[in-house]
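Here's data-v5.txt, which has compact mmCIF, C-alpha atoms:
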# COMPACT_ATOMS: atom_id res chain seq x y z
CA MET A 1 -110.21 -9.01 38.18
CA SER A 2 -108.69 -7.71 41.37
CA ASP A 3 -104.99 -7.48 42.16
CA PHE A 4 -103.01 -10.60 42.83
CA ALA A 5 -99.51 -11.46 44.06
CA ALA A 6 -99.03 -14.55 41.91
CA GLU A 7 -100.51 -16.12 38.81
CA ILE A 8 -100.44 -19.67 37.50
CA ASP A 9 -101.86 -20.93 34.23
CA THR A 10 -102.83 -24.61 34.27
CA SER A 11 -104.43 -24.52 30.82
CA GLY A 12 -104.36 -27.94 29.18
CA LEU A 13 -103.71 -29.75 32.46
CA ASN A 14 -106.25 -32.14 33.88
CA CYS A 15 -107.40 -33.18 37.35
CA PRO A 16 -105.82 -33.06 39.91
CA LEU A 17 -103.02 -30.83 38.59
CA PRO A 18 -104.85 -27.46 38.97
CA VAL A 19 -105.41 -28.24 42.67
CA LEU A 20 -101.87 -29.50 43.23
CA LYS A 21 -100.43 -26.42 41.52
CA ALA A 22 -102.74 -24.11 43.47
CA ARG A 23 -101.47 -25.62 46.72
CA LYS A 24 -97.87 -25.16 45.67
CA ALA A 25 -98.38 -21.56 44.55
CA LEU A 26 -100.29 -20.63 47.71
CA SER A 27 -97.53 -22.09 49.88
CA THR A 28 -95.22 -19.33 48.62
CA LEU A 29 -97.68 -16.56 49.53
CA ALA A 30 -98.31 -14.82 52.83
CA SER A 31 -101.71 -14.74 54.50
CA GLY A 32 -103.95 -12.19 52.77
CA GLN A 33 -102.09 -12.35 49.44
CA ARG A 34 -104.00 -13.44 46.37
CA LEU A 35 -103.39 -16.04 43.67
CA HIS A 36 -104.84 -15.84 40.15
CA LEU A 37 -105.38 -19.39 38.90
CA ILE A 38 -106.29 -20.10 35.29
CA ALA A 39 -107.63 -23.52 34.30
CA THR A 40 -109.27 -25.30 31.39
CA ASP A 41 -110.14 -28.43 33.38
CA ARG A 42 -113.96 -28.36 33.63
CA GLY A 43 -113.78 -30.15 36.95
CA ALA A 44 -111.93 -27.17 38.44
CA ASN A 45 -115.29 -25.39 38.68
CA LYS A 46 -116.14 -27.72 41.55
CA ASP A 47 -112.63 -28.74 42.66
CA ILE A 48 -111.19 -25.28 43.34
CA PRO A 49 -114.11 -24.22 45.60
CA ALA A 50 -113.79 -27.58 47.43
CA PHE A 51 -110.03 -27.07 47.77
CA CYS A 52 -110.56 -23.55 49.18
CA LYS A 53 -113.22 -24.76 51.61
CA MET A 54 -111.04 -27.57 52.94
CA THR A 55 -107.87 -25.50 53.27
CA GLY A 56 -109.27 -22.30 54.78
CA ASN A 57 -108.35 -20.17 51.79
CA ALA A 58 -110.98 -17.80 50.40
CA LEU A 59 -112.29 -18.02 46.86
CA VAL A 60 -112.73 -14.30 46.27
CA ALA A 61 -113.89 -14.41 42.67
CA SER A 62 -114.30 -16.73 39.72
CA HIS A 63 -115.38 -16.27 36.16
CA GLU A 64 -115.12 -17.85 32.74
CA SER A 65 -113.81 -16.11 29.66
CA ASP A 66 -112.50 -17.43 26.33
CA GLN A 67 -113.25 -20.98 27.53
CA LYS A 68 -110.89 -20.53 30.46
CA LEU A 69 -111.78 -20.56 34.12
CA HIS A 70 -110.28 -17.84 36.30
CA PHE A 71 -110.11 -18.02 40.08
CA ILE A 72 -108.87 -15.48 42.59
CA ILE A 73 -107.88 -17.22 45.82
CA GLU A 74 -106.89 -15.32 48.92
CA LYS A 75 -104.57 -17.19 51.24
CA GLY A 76 -106.12 -17.74 54.68
CA MET B 77 -106.65 -32.09 63.82
CA ALA B 78 -105.95 -32.94 60.20
CA LYS B 79 -108.30 -35.33 58.49
CA LYS B 80 -106.81 -38.70 57.60
CA LEU B 81 -106.93 -40.79 54.43
CA ALA B 82 -105.85 -44.44 54.41
CA ILE B 83 -105.53 -46.33 51.13
CA ILE B 84 -104.59 -49.91 50.29
CA ALA B 85 -103.13 -50.06 46.77
CA SER B 86 -103.35 -53.62 45.45
CA LYS B 87 -103.14 -53.09 41.69
CA GLY B 88 -100.00 -52.70 39.65
CA THR B 89 -101.39 -51.71 36.27
CA LEU B 90 -101.21 -48.36 34.50
CA ASP B 91 -104.91 -47.68 35.06
CA GLY B 92 -104.95 -49.18 38.55
CA GLY B 93 -102.01 -47.05 39.64
CA TYR B 94 -103.76 -43.72 39.19
CA PRO B 95 -106.39 -43.65 41.95
CA PRO B 96 -104.07 -44.20 44.95
CA PHE B 97 -101.49 -41.57 43.98
CA LEU B 98 -104.07 -39.15 42.59
CA LEU B 99 -106.31 -39.24 45.66
CA ALA B 100 -103.46 -39.19 48.17
CA SER B 101 -101.66 -36.24 46.53
CA THR B 102 -104.93 -34.31 46.30
CA ALA B 103 -105.80 -35.18 49.90
CA ALA B 104 -102.41 -33.86 51.00
CA ALA B 105 -103.10 -30.64 49.06
CA LEU B 106 -106.39 -30.38 50.97
CA GLY B 107 -104.52 -30.69 54.27
CA PHE B 108 -105.09 -34.39 54.94
CA GLU B 109 -102.56 -36.70 56.50
CA ALA B 110 -102.46 -39.51 53.95
CA LYS B 111 -100.88 -42.94 53.90
CA ILE B 112 -100.87 -45.59 51.18
CA PHE B 113 -100.20 -49.23 51.98
CA PHE B 114 -98.89 -51.07 48.91
CA THR B 115 -99.57 -54.79 48.85
CA PHE B 116 -99.30 -57.58 46.29
CA TYR B 117 -99.26 -56.15 42.74
CA GLY B 118 -99.54 -52.64 44.15
CA LEU B 119 -95.86 -52.91 45.06
CA GLN B 120 -95.07 -52.33 41.38
CA LEU B 121 -96.09 -48.71 41.98
CA LEU B 122 -93.10 -48.24 44.29
CA LYS B 123 -90.52 -49.58 41.84
CA LYS B 124 -87.82 -47.23 40.56
CA ASP B 125 -88.59 -48.56 37.10
CA LEU B 126 -92.29 -47.80 36.56
CA SER B 127 -92.99 -49.91 33.48
CA LEU B 128 -96.73 -50.18 34.13
CA LYS B 129 -99.00 -51.68 31.53
CA VAL B 130 -102.70 -51.85 30.80
CA SER B 131 -104.39 -54.86 29.26
CA PRO B 132 -107.65 -54.87 27.30
CA LEU B 133 -107.87 -58.64 27.93
CA GLY B 134 -110.85 -59.44 30.11
CA ASN B 135 -111.70 -55.76 30.30
CA PRO B 136 -114.70 -55.19 28.05
CA ALA B 137 -115.11 -51.63 29.33
CA MET B 138 -111.81 -50.41 27.92
CA PRO B 139 -112.44 -48.09 24.97
CA MET B 140 -110.63 -49.38 21.86
CA PRO B 141 -110.43 -47.75 18.41
CA VAL B 142 -111.98 -50.91 16.95
CA PRO B 143 -113.62 -53.75 18.87
CA VAL B 144 -111.10 -56.55 19.47
CA PRO B 145 -112.52 -59.96 20.45
CA ASN B 146 -110.95 -61.57 23.52
CA LEU B 147 -109.54 -64.39 21.42
CA LEU B 148 -107.45 -61.91 19.40
CA GLN B 149 -106.25 -60.07 22.46
CA ILE B 150 -103.84 -62.89 23.25
CA ILE B 151 -101.83 -61.98 20.15
CA PRO B 152 -98.34 -60.79 21.17
CA GLY B 153 -98.14 -57.02 21.10
CA MET B 154 -101.78 -56.34 21.99
CA GLU B 155 -100.91 -55.36 25.54
CA ALA B 156 -98.04 -53.17 24.37
CA PHE B 157 -100.38 -51.53 21.85
CA ALA B 158 -103.08 -50.87 24.45
CA THR B 159 -100.47 -49.44 26.82
CA TRP B 160 -99.04 -47.18 24.13
CA MET B 161 -102.53 -46.01 23.23
CA MET B 162 -103.39 -45.25 26.86
CA ARG B 163 -100.14 -43.38 27.50
CA ARG B 164 -100.65 -41.27 24.37
CA LYS B 165 -104.20 -40.46 25.43
CA LEU B 166 -103.14 -39.49 28.96
CA LYS B 167 -100.53 -37.13 27.56
CA GLN B 168 -102.91 -35.61 25.02
CA LYS B 169 -105.45 -34.86 27.72
CA GLY B 170 -102.94 -33.24 30.07
CA VAL B 171 -103.21 -35.96 32.71
CA ALA B 172 -100.22 -36.15 35.05
CA SER B 173 -98.02 -39.23 34.77
CA ILE B 174 -98.04 -41.75 37.62
CA ALA B 175 -94.39 -40.82 38.30
CA ASP B 176 -95.41 -37.16 38.67
CA LEU B 177 -98.28 -37.97 41.04
CA ARG B 178 -95.99 -40.23 43.06
CA GLU B 179 -93.49 -37.38 43.26
CA ALA B 180 -96.29 -35.04 44.41
CA CYS B 181 -97.12 -37.56 47.17
CA LEU B 182 -93.50 -37.63 48.36
CA GLU B 183 -93.28 -33.83 48.24
CA THR B 184 -96.36 -33.47 50.43
CA ASP B 185 -95.29 -36.12 52.95
CA VAL B 186 -97.79 -38.80 51.98
CA GLU B 187 -96.39 -41.92 53.65
CA LEU B 188 -95.82 -44.74 51.17
CA ILE B 189 -95.70 -48.07 52.99
CA ALA B 190 -94.55 -51.29 51.32
CA CYS B 191 -96.20 -54.42 52.69
CA GLN B 192 -93.23 -56.36 54.09
CA MET B 193 -94.92 -59.72 53.64
CA THR B 194 -95.44 -59.27 49.90
CA VAL B 195 -91.95 -57.76 49.48
CA ASP B 196 -90.63 -61.03 50.92
CA LEU B 197 -93.13 -63.14 48.99
CA PHE B 198 -92.00 -61.76 45.63
CA ASP B 199 -88.31 -61.63 46.62
CA PHE B 200 -88.14 -57.91 45.91
CA GLN B 201 -85.02 -56.06 47.04
CA ASP B 202 -84.95 -52.70 48.81
CA SER B 203 -82.91 -51.45 45.86
CA ASP B 204 -85.89 -52.14 43.55
CA PHE B 205 -87.88 -49.39 45.25
CA ILE B 206 -87.66 -45.61 45.29
CA ASP B 207 -86.15 -43.86 48.30
CA GLY B 208 -88.36 -42.38 50.97
CA ILE B 209 -90.75 -45.29 51.48
CA SER B 210 -91.33 -47.21 54.68
CA HIS B 211 -92.22 -50.83 55.41
CA GLY B 212 -94.98 -52.25 57.53
CA GLY B 213 -97.57 -54.94 58.00
CA ALA B 214 -101.28 -55.40 58.56
CA ALA B 215 -101.20 -53.92 62.07
CA THR B 216 -99.35 -50.82 60.81
CA PHE B 217 -102.12 -50.14 58.32
CA LEU B 218 -104.97 -50.96 60.69
CA GLU B 219 -103.64 -48.70 63.42
CA PHE B 220 -103.68 -45.73 61.04
CA ALA B 221 -106.93 -46.78 59.34
CA SER B 222 -108.69 -47.05 62.70
CA GLU B 223 -108.32 -43.30 63.05
CA ALA B 224 -108.84 -42.43 59.37
CA ASP B 225 -111.80 -40.40 58.12
CA ILE B 226 -111.63 -42.15 54.73
CA THR B 227 -110.37 -45.66 54.04
CA LEU B 228 -110.14 -47.08 50.54
CA TYR B 229 -109.15 -50.44 49.08
CA ILE B 230 -108.07 -50.01 45.49
Write the structure described by the file as structure tokens, please.
Amino acid sequence: MSDFAAEIDTSGLNCPLPVLKARKALSTLASGQRLHLIATDRGANKDIPAFCKMTGNALVASHESDQKLHFIIEKG
Amino acid sequence: MAKKLAIIASKGTLDGGYPPFLLASTAAALGFEAKIFFTFYGLQLLKKDLSLKVSPLGNPAMPMPVPVPNLLQIIPGMEAFATWMMRRKLKQKGVASIADLREACLETDVELIACQMTVDLFDFQDSDFIDGISHGGAATFLEFASEADITLYI
């Protein structure tokens, strides 16, 4: 995974907490900085891309490992 | 221009309280301007003391550990048991509490509007409700809803 300025782990938390926590974490970053978001909520696979699309942030990368979803979001 | 979400929250049960706060807090995270209009039993969701309950009575879709016939569901304690079971399940599955989602709404400037008519109808006091809410009537909601991209009655 690429470099990131902040990381949040929402493992064990369900919808909509990964999205709410992503918003909060991104609000502390400057444009161009990246957030590494970890989630176990299956719905995040669809919800995080939708969140990025609606908020003008870029979903740079996503992958699954050890039953956890990882997202790299670049603040727009 | 931000998209707008307008919700009428009319239910005051533990299960009925989730959709308004959940959708409005998520909408705010997505950049929406969101307002919730709380009317009738929905006003319970604005109380300082959130003692919301869920009842299996008349709700055949509610999953129960063992099937309980309607006739037995009138036994005292059944509602408390169902509520306890639901709360435990919500916690186990990492679902936010209604209080947390309500707090997320306040943090993200979702406007929470108490229907003045039902506040008066039920003789509720301002001191019953959390701080940071506003009051309004049908025209208040309709004015906002007329410009909303999404309008929901829950």
>> Just want the 10 Å neighbourhood of range 207-221 of chain B, counted on all atoms listed in the file, with same-chain residues fewer than 2 positions away dropped. Output as a PyMOL selection string.
In response: chain B and resi 80-84+110-115+122-124+182+185-195+202-205+223-228
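What separates CA of Lys169 in chain B from CA of Met138 in chain B is a distance of 16.8 Å.
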Distance-based interface of chain A with chain B, 9 Å, counting all atoms listed in the file, as a short mmCIF file (atom, residue, chain, number, x, y, z; two decimals) with C-alpha atoms, in the frame of the given file:
data_model
loop_
_atom_site.label_atom_id
_atom_site.label_comp_id
_atom_site.auth_asym_id
_atom_site.auth_seq_id
_atom_site.Cartn_x
_atom_site.Cartn_y
_atom_site.Cartn_z
CA SER A 11 -104.43 -24.52 30.82
CA GLY A 12 -104.36 -27.94 29.18
CA LEU A 13 -103.71 -29.75 32.46
CA ASN A 14 -106.25 -32.14 33.88
CA CYS A 15 -107.40 -33.18 37.35
CA PRO A 16 -105.82 -33.06 39.91
CA LEU A 17 -103.02 -30.83 38.59
CA VAL A 19 -105.41 -28.24 42.67
CA LEU A 20 -101.87 -29.50 43.23
CA ALA A 22 -102.74 -24.11 43.47
CA ARG A 23 -101.47 -25.62 46.72
CA LYS A 24 -97.87 -25.16 45.67
CA ALA A 50 -113.79 -27.58 47.43
CA PHE A 51 -110.03 -27.07 47.77
CA CYS A 52 -110.56 -23.55 49.18
CA LYS A 53 -113.22 -24.76 51.61
CA MET A 54 -111.04 -27.57 52.94
CA THR A 55 -107.87 -25.50 53.27
#
> In Å to one decimal, how far is CA of Leu26 in chain A from CA of Asn45 in chain A?
Replying inline: 18.1 Å
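You will find CA of Gly134 in chain B at 12.9 Å from CA of Ala158 in chain B.
Across A:Arg42, A:Gly56, A:Ala61, A:Ile48, the tightest approach to Gly76 in chain A is made by A:Gly56 when counting all atoms listed in the file.
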Could you give me, as an mmCIF file with C-alpha atoms, keeping the file's coordinate frame, the residues within 10 Å of Ser31 in chain A, counting only C-alpha atoms and dropping anything in the same chain fewer than 6 positions from it?
data_model
loop_
_atom_site.group_PDB
_atom_site.id
_atom_site.type_symbol
_atom_site.label_atom_id
_atom_site.label_comp_id
_atom_site.auth_asym_id
_atom_site.auth_seq_id
_atom_site.Cartn_x
_atom_site.Cartn_y
_atom_site.Cartn_z
ATOM 1 C CA ASN A 57 -108.350 -20.170 51.790
ATOM 2 C CA GLU A 74 -106.890 -15.320 48.920
ATOM 3 C CA LYS A 75 -104.570 -17.190 51.240
ATOM 4 C CA GLY A 76 -106.120 -17.740 54.680
#
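Proximity to Asp9 in chain A at 10 Å, evaluated using only C-alpha atoms and with sequence-adjacent residues fewer than 4 positions away removed, yields Leu13, Pro18, Lys21, Ala22, His36, Leu37, Ile38, Ala39, Thr40, Lys68, Leu69 and His70 of chain A.
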